[in-house]
Every structure is written in C-alpha cells, then in structure tokens.
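Participant: Next up is a structure, given as structure tokens.
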Amino acid sequence: MADATLAPVFEPTPLPVRDIMPWAIFAAVIGVIAFYFTGLEQGATAVFDGSAIHEYVHDARHLLGFPCH
Amino acid sequence: MVGKLLMRGLLVGLLAGIVAFGIAYLFGEPPLSEAILFEEQMAALEVPDPHAVEEEAPVSRTTQATTGLLTGTVILSMGLGGMFAIVFAFAHGRLGHLGVPQSSALLAALCFVTVSLVPWLKYPANPPASTFDDTVAYRTQLYFLMLALSIAASAGSLMLRRKLLPQHGAWRASVIAVICYLVAVGLVLGAMPAVNETPEAFPADVFWDFRIASLGIMFVIWAVIGLAFGIAAERLFPGRPAARGGILTA
Ligand SMILES: [Zn+2]
C-alpha cells in the first residue's frame, strides 16, 4: 500500500485470496443458516411445518431486529 | 491459517452471543413483555370469533425469554463471528498499517455500522403487536434489501478509498470515501419505502425502549467480537508486534 504514513509500524502481509476463498464459502453457508433460523424460518418463509422453531427463537428474532409480527 | 481464524471467529461469536443474551434479557425482555401485554389487551377488546380454536402455545413465554432467546442470540452471533473472521482475513493487511487487535476492532466497528446501525435507521427492530402479521414477507424483503445495499455502500467506499490512496494519501482518501459513503447511504435511506404499521395506541415508551435495547444488543455483539477476536487471532500472527498507535495513522 502506498500510504506512507509517519508511524514506523509493520506492514502486515495480506493473506492470499485463494487461501481464503474455500473458507469464505464455508463461513457463508454457516452465516446463511444462522440468519435463516433466527430471522426467517416459519416467518417470512418456511422449510419445516408448524411454528415450533419460530416460537422458540421468537424473542431473539424480535430483539435482533428481524421483521416478525 | 484461515481455518484457524474461522474457528476463533465462531468461538468469539459464541462468547458474544452469551453476553448479548444477558443484555437482551435485562434490557430487551421488559419492553418485549409490555408489548405482549398490549397485544393481549387489544385482543381482549376485539369481538371474539365464534369459530376460533383456542391454540395451545407450543413454547412457553419463559422458554422464549430464556433458552429460546439464548439459542437465538448464540446462533446469530456465531454466524456473524464466522463471517467476521473471513472479512478479517480479507481485510487485515489491506486496510492500512494496523496490528491484529486494531484491525479487528476497526472492522467490528465498520460491521456494526454496516450490518446493524444503518439497516436499523430505516427498519428498526419492532416489538410484538407493532406491525401487521400479513406483511412479514414484504418487510423481510425490505430488511434484507436494505442490508444488502448497506453492505454494498461500505464495500464500495472501502474500494474507493483504496483506489484514491496512492494519489491522495490516507487522510484525504478516507475523508472522500466517507463523504461518498454518507451520500450513498442517505440516498438509500431516502429511496427505500417507509413502513408505518404501528397502532396509534401502542405505548411510545415501550417502542423506544425496545428499539434502543435492540441496537444495544447488536452493539454488544460487535464490540465483543471485535475485541475478543483481536486477542484470539493475534497469536496466529507471530513476529508481528501490534502496530502501536497505528489506528491513528492508517
Ligand atoms: Zn413476533
């Protein structure tokens, strides 16, 4: 990076993007599942029947800012 | 390396979820319970439907407010912690002359603004009985569209800053990027449709307390992730002492 600033500090070496990508996909899957079950399932959309999951995480869904009722 | 970072991100997310549960229980549950009380009062005023079947609640209020709430905050926080680790892996060394803890704290602050604060400004958390049941799909679409636009605005400004760095230096590149970011966010906030479904009789103090509690919960999640991940990840970067004072000069 060319921003030569005053502090004599280490320039951290960036991790190569090709090393990050497989883990990024894995983390994205985990993230989507986490968002899905706290925010969406048996609310805006549903994979499972009934309302048990919705009811169980209901307070978290409201307080974490996801649309509910 | 990245796998180890991801593991630490998930564990830090678990910790953040537990702390967030404490905050949610202390500050979020009281207004939430009052909203449910209001909901019951409103329901009592309605003419009872003779065909209505009395449904048994599948989960008790106590479960919702304790283990259910804990499960929800932990699952979401772990998801956020995992994704934060990946963002950190991309950003560290590309943000400026920052040590691991400083990179982590700065990134968590950016994540709080991008993922939590900006969407909250347009579509803040709503307590029970303050919106219509049948618009939940529409409101969810708006919420996630807002989240996507907010992420796009932040990512775009960071890329712009990087582009401007060689010519303008760190300070001016950052100021220009922040101005462009604020304009973009302002336009998005203005352009997205408003949602106003709250019944007139809904108690305003409950509304306020609930929304501030919700923002506080998100703040705590990101604060714990940002600080704890910095400590947990620093050991993975041996021989690279933290850039003391680097946060002010990056
Ligand atoms: Zn609800």
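Each chain in the structure tokens gets a letter, A, B, ..., in the order shown, and its residues are numbered from 1; ligands are numbered from 1 in order too.
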Counting only C-alpha atoms and all ligand atoms, which residues of chain B sit at most 9 Å from some atom of ligand 1, and what is each one's closest atom pair with its distance in Å to one decimal, listed by chain and rising residue number, as a Markdown table?
Facilitator:
```
| residue | atom | partner | partner_atom_place_in_ligand_line | distance |
| --- | --- | --- | --- | --- |
| B:Asn126 | CA | ligand 1 | 1 (Zn) | 8.7 |
| B:Pro127 | CA | ligand 1 | 1 (Zn) | 7.4 |
| B:Pro128 | CA | ligand 1 | 1 (Zn) | 5.1 |
| B:Ala129 | CA | ligand 1 | 1 (Zn) | 7.6 |
| B:Asp133 | CA | ligand 1 | 1 (Zn) | 8.4 |
```
Participant: At a cut-off of 10 Å, using only C-alpha atoms, what residues contact Phe90 in chain B? Leave out same-chain residues fewer than 4 positions from it and give the result as an MDAnalysis selection string.
Facilitator: (chainID A and resid 14:17 19:21 24) or (chainID B and resid 2 84:86 94:95)
Participant: Store the residues of this selection in a file with N, CA, C and O atoms, as a PDB file, in the first residue's frame.
Facilitator:
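Contents of part_31.pdb, as written:
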```
ATOM      1  N   PRO A  14      -0.895  -9.203   3.641  1.00  0.00           N
ATOM      2  CA  PRO A  14      -2.255  -9.712   3.442  1.00  0.00           C
ATOM      3  C   PRO A  14      -2.237 -11.205   3.148  1.00  0.00           C
ATOM      4  O   PRO A  14      -1.299 -11.700   2.519  1.00  0.00           O
ATOM      5  N   LEU A  15      -3.271 -11.919   3.627  1.00  0.00           N
ATOM      6  CA  LEU A  15      -3.386 -13.336   3.299  1.00  0.00           C
ATOM      7  C   LEU A  15      -3.835 -13.449   1.836  1.00  0.00           C
ATOM      8  O   LEU A  15      -4.670 -12.672   1.389  1.00  0.00           O
ATOM      9  N   PRO A  16      -3.283 -14.426   1.107  1.00  0.00           N
ATOM     10  CA  PRO A  16      -3.673 -14.554  -0.307  1.00  0.00           C
ATOM     11  C   PRO A  16      -5.146 -14.934  -0.459  1.00  0.00           C
ATOM     12  O   PRO A  16      -5.659 -15.778   0.286  1.00  0.00           O
ATOM     13  N   VAL A  17      -5.807 -14.307  -1.425  1.00  0.00           N
ATOM     14  CA  VAL A  17      -7.251 -14.507  -1.611  1.00  0.00           C
ATOM     15  C   VAL A  17      -7.578 -15.969  -1.906  1.00  0.00           C
ATOM     16  O   VAL A  17      -8.581 -16.502  -1.426  1.00  0.00           O
ATOM     17  N   ASP A  19      -6.295 -18.570  -0.695  1.00  0.00           N
ATOM     18  CA  ASP A  19      -6.338 -19.334   0.553  1.00  0.00           C
ATOM     19  C   ASP A  19      -7.636 -19.081   1.313  1.00  0.00           C
ATOM     20  O   ASP A  19      -8.100 -19.918   2.082  1.00  0.00           O
ATOM     21  N   ILE A  20      -8.184 -17.885   1.118  1.00  0.00           N
ATOM     22  CA  ILE A  20      -9.368 -17.500   1.892  1.00  0.00           C
ATOM     23  C   ILE A  20     -10.648 -18.087   1.284  1.00  0.00           C
ATOM     24  O   ILE A  20     -11.554 -18.492   2.008  1.00  0.00           O
ATOM     25  N   MET A  21     -10.707 -18.144  -0.039  1.00  0.00           N
ATOM     26  CA  MET A  21     -11.969 -18.467  -0.725  1.00  0.00           C
ATOM     27  C   MET A  21     -12.701 -19.719  -0.228  1.00  0.00           C
ATOM     28  O   MET A  21     -13.888 -19.637   0.067  1.00  0.00           O
ATOM     29  N   ALA A  24     -14.188 -19.011   2.999  1.00  0.00           N
ATOM     30  CA  ALA A  24     -15.220 -17.979   2.862  1.00  0.00           C
ATOM     31  C   ALA A  24     -16.554 -18.611   2.488  1.00  0.00           C
ATOM     32  O   ALA A  24     -17.605 -18.238   3.026  1.00  0.00           O
TER      33      ALA A  24
ATOM     34  N   VAL B   2      -6.471 -19.668   7.623  1.00  0.00           N
ATOM     35  CA  VAL B   2      -7.824 -19.112   7.543  1.00  0.00           C
ATOM     36  C   VAL B   2      -8.803 -19.976   8.335  1.00  0.00           C
ATOM     37  O   VAL B   2      -9.708 -19.463   8.999  1.00  0.00           O
ATOM     38  N   PHE B  84     -17.269 -12.696  10.240  1.00  0.00           N
ATOM     39  CA  PHE B  84     -16.320 -11.643  10.610  1.00  0.00           C
ATOM     40  C   PHE B  84     -14.876 -12.127  10.425  1.00  0.00           C
ATOM     41  O   PHE B  84     -14.018 -11.373   9.945  1.00  0.00           O
ATOM     42  N   ALA B  85     -14.611 -13.385  10.795  1.00  0.00           N
ATOM     43  CA  ALA B  85     -13.260 -13.933  10.653  1.00  0.00           C
ATOM     44  C   ALA B  85     -12.815 -13.899   9.190  1.00  0.00           C
ATOM     45  O   ALA B  85     -11.656 -13.596   8.892  1.00  0.00           O
ATOM     46  N   ILE B  86     -13.740 -14.199   8.288  1.00  0.00           N
ATOM     47  CA  ILE B  86     -13.407 -14.184   6.854  1.00  0.00           C
ATOM     48  C   ILE B  86     -13.161 -12.749   6.385  1.00  0.00           C
ATOM     49  O   ILE B  86     -12.203 -12.472   5.645  1.00  0.00           O
ATOM     50  N   ARG B  94      -4.787  -5.081   4.325  1.00  0.00           N
ATOM     51  CA  ARG B  94      -5.285  -4.317   3.193  1.00  0.00           C
ATOM     52  C   ARG B  94      -5.980  -3.027   3.646  1.00  0.00           C
ATOM     53  O   ARG B  94      -6.494  -2.271   2.840  1.00  0.00           O
ATOM     54  N   LEU B  95      -6.034  -2.823   4.956  1.00  0.00           N
ATOM     55  CA  LEU B  95      -6.723  -1.636   5.493  1.00  0.00           C
ATOM     56  C   LEU B  95      -5.755  -0.513   5.835  1.00  0.00           C
ATOM     57  O   LEU B  95      -6.156   0.621   6.009  1.00  0.00           O
TER      58      LEU B  95
END
```
Participant: If we count only C-alpha atoms and set the cut-off at 12 Å, which residues sit around Gln64 in chain B, ignoring sequence neighbours fewer than 4 positions away in its own chain? Please answer as a PyMOL selection string.
Facilitator: (chain A and resi 52-63) or (chain B and resi 21+24-25+29+32-33+57-60+68-73)
Participant: If we count only C-alpha atoms and set the cut-off at 10 Å, which residues sit around Cys180 in chain B, ignoring sequence neighbours fewer than 2 positions away in its own chain? Please answer as a PyMOL selection string.
Facilitator: chain B and resi 153-154+156-157+160-161+174-178+182-186
Participant: Those residues with N, CA, C and O atoms, as a short mmCIF file (atom, residue, chain, number, x, y, z; two decimals), in the first residue's frame please?
Facilitator:
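Saved to part08.cif:
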```cif
data_model
loop_
_atom_site.label_atom_id
_atom_site.label_comp_id
_atom_site.auth_asym_id
_atom_site.auth_seq_id
_atom_site.Cartn_x
_atom_site.Cartn_y
_atom_site.Cartn_z
N ALA B 153 -22.68 -0.32 -0.02
CA ALA B 153 -22.17 1.05 0.18
C ALA B 153 -20.85 1.02 0.92
O ALA B 153 -19.89 1.72 0.56
N SER B 154 -20.74 0.18 1.96
CA SER B 154 -19.49 0.11 2.73
C SER B 154 -18.37 -0.49 1.89
O SER B 154 -17.26 0.05 1.86
N GLY B 156 -18.12 -0.61 -1.33
CA GLY B 156 -17.79 0.34 -2.39
C GLY B 156 -16.89 1.46 -1.89
O GLY B 156 -15.90 1.81 -2.55
N SER B 157 -17.21 2.01 -0.70
CA SER B 157 -16.38 3.12 -0.20
C SER B 157 -14.98 2.65 0.18
O SER B 157 -14.02 3.39 0.01
N LEU B 160 -13.13 2.38 -2.98
CA LEU B 160 -12.82 3.74 -3.46
C LEU B 160 -11.62 4.31 -2.70
O LEU B 160 -10.71 4.89 -3.30
N ARG B 161 -11.63 4.09 -1.37
CA ARG B 161 -10.52 4.59 -0.55
C ARG B 161 -9.19 4.00 -1.02
O ARG B 161 -8.19 4.70 -1.15
N SER B 174 -9.53 8.73 2.88
CA SER B 174 -10.54 8.30 3.84
C SER B 174 -11.70 9.29 3.90
O SER B 174 -12.88 8.89 3.93
N VAL B 175 -11.37 10.60 3.92
CA VAL B 175 -12.43 11.62 4.01
C VAL B 175 -13.33 11.55 2.78
O VAL B 175 -14.57 11.55 2.90
N ILE B 176 -12.73 11.44 1.61
CA ILE B 176 -13.53 11.37 0.38
C ILE B 176 -14.42 10.12 0.40
O ILE B 176 -15.61 10.18 0.08
N ALA B 177 -13.83 8.99 0.83
CA ALA B 177 -14.60 7.74 0.87
C ALA B 177 -15.77 7.85 1.85
O ALA B 177 -16.88 7.39 1.55
N VAL B 178 -15.54 8.49 3.01
CA VAL B 178 -16.62 8.62 4.00
C VAL B 178 -17.73 9.53 3.46
O VAL B 178 -18.92 9.23 3.62
N LEU B 182 -21.55 8.43 2.97
CA LEU B 182 -22.70 9.09 3.61
C LEU B 182 -23.74 9.49 2.56
O LEU B 182 -24.95 9.34 2.78
N VAL B 183 -23.28 9.99 1.40
CA VAL B 183 -24.22 10.35 0.34
C VAL B 183 -24.98 9.11 -0.14
O VAL B 183 -26.21 9.12 -0.25
N ALA B 184 -24.24 8.02 -0.36
CA ALA B 184 -24.88 6.78 -0.83
C ALA B 184 -25.91 6.28 0.17
O ALA B 184 -27.04 5.94 -0.19
N VAL B 185 -25.52 6.25 1.46
CA VAL B 185 -26.44 5.76 2.49
C VAL B 185 -27.66 6.69 2.59
O VAL B 185 -28.80 6.23 2.72
N GLY B 186 -27.43 8.00 2.51
CA GLY B 186 -28.53 8.96 2.55
C GLY B 186 -29.53 8.72 1.42
O GLY B 186 -30.75 8.73 1.64
#
```
Participant: Find the distance between CA of Pro166 in chain B and CA of Gly96 in chain B and write it in Å to one decimal.
Facilitator: 12.3 Å
Participant: Which of chain A end up as helix (DSSP H, G or I) when DSSP is run on this backbone - answer as a PDB file with C-alpha atoms, in the first residue's frame?
Facilitator:
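Output (part.pdb):
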```pdb
ATOM      1  CA  VAL A  17      -7.251 -14.507  -1.611  1.00  0.00           C
ATOM      2  CA  ARG A  18      -7.019 -18.073  -2.994  1.00  0.00           C
ATOM      3  CA  ASP A  19      -6.338 -19.334   0.553  1.00  0.00           C
ATOM      4  CA  ILE A  20      -9.368 -17.500   1.892  1.00  0.00           C
ATOM      5  CA  MET A  21     -11.969 -18.467  -0.725  1.00  0.00           C
ATOM      6  CA  PRO A  22     -12.783 -22.071   0.336  1.00  0.00           C
ATOM      7  CA  TRP A  23     -13.192 -20.994   3.966  1.00  0.00           C
ATOM      8  CA  ALA A  24     -15.220 -17.979   2.862  1.00  0.00           C
ATOM      9  CA  ILE A  25     -17.743 -20.277   1.182  1.00  0.00           C
ATOM     10  CA  PHE A  26     -17.888 -22.478   4.283  1.00  0.00           C
ATOM     11  CA  ALA A  27     -18.403 -19.431   6.548  1.00  0.00           C
ATOM     12  CA  ALA A  28     -21.051 -18.022   4.208  1.00  0.00           C
ATOM     13  CA  VAL A  29     -23.024 -21.274   4.479  1.00  0.00           C
ATOM     14  CA  ILE A  30     -22.837 -21.117   8.298  1.00  0.00           C
ATOM     15  CA  GLY A  31     -23.819 -17.426   8.206  1.00  0.00           C
ATOM     16  CA  VAL A  32     -26.807 -18.003   5.936  1.00  0.00           C
ATOM     17  CA  ILE A  33     -28.057 -20.866   8.127  1.00  0.00           C
ATOM     18  CA  ALA A  34     -27.661 -18.688  11.253  1.00  0.00           C
ATOM     19  CA  PHE A  35     -29.555 -15.781   9.680  1.00  0.00           C
ATOM     20  CA  TYR A  36     -32.161 -18.136   8.299  1.00  0.00           C
ATOM     21  CA  PHE A  37     -33.078 -19.833  11.555  1.00  0.00           C
ATOM     22  CA  THR A  38     -33.024 -16.750  13.764  1.00  0.00           C
ATOM     23  CA  GLY A  39     -34.583 -14.415  11.206  1.00  0.00           C
ATOM     24  CA  LEU A  40     -36.733 -16.174   8.636  1.00  0.00           C
ATOM     25  CA  ALA A  52     -42.122 -24.506  16.928  1.00  0.00           C
ATOM     26  CA  ILE A  53     -38.836 -23.036  15.609  1.00  0.00           C
ATOM     27  CA  HIS A  54     -40.423 -19.606  15.145  1.00  0.00           C
ATOM     28  CA  GLU A  55     -41.874 -19.688  18.646  1.00  0.00           C
ATOM     29  CA  TYR A  56     -38.657 -20.953  20.225  1.00  0.00           C
ATOM     30  CA  HIS A  58     -39.280 -15.643  18.800  1.00  0.00           C
ATOM     31  CA  ASP A  59     -37.896 -13.159  21.343  1.00  0.00           C
ATOM     32  CA  ALA A  60     -34.454 -13.279  19.759  1.00  0.00           C
ATOM     33  CA  ARG A  61     -35.992 -12.680  16.341  1.00  0.00           C
ATOM     34  CA  HIS A  62     -37.727  -9.512  17.561  1.00  0.00           C
ATOM     35  CA  LEU A  63     -34.784  -8.231  19.616  1.00  0.00           C
TER      36      LEU A  63
END
```
Participant: Between B:Val220, B:Leu15, B:Ala152, B:Met192, single out the one closest to chain A, counting only C-alpha atoms.
Facilitator: B:Val220
Participant: Could you work out how far CA of Leu80 in chain B lies from CA of Leu145 in chain B, giving the answer in Å with one decimal?
Facilitator: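 Going from CA of Leu145 in chain B over to CA of Leu80 in chain B covers 17.9 Å.
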Participant: In Å to one decimal, how far is CA of Val188 in chain B from CA of Val224 in chain B?
Facilitator: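 CA of Val188 in chain B lies at a distance of 28.9 Å from CA of Val224 in chain B.
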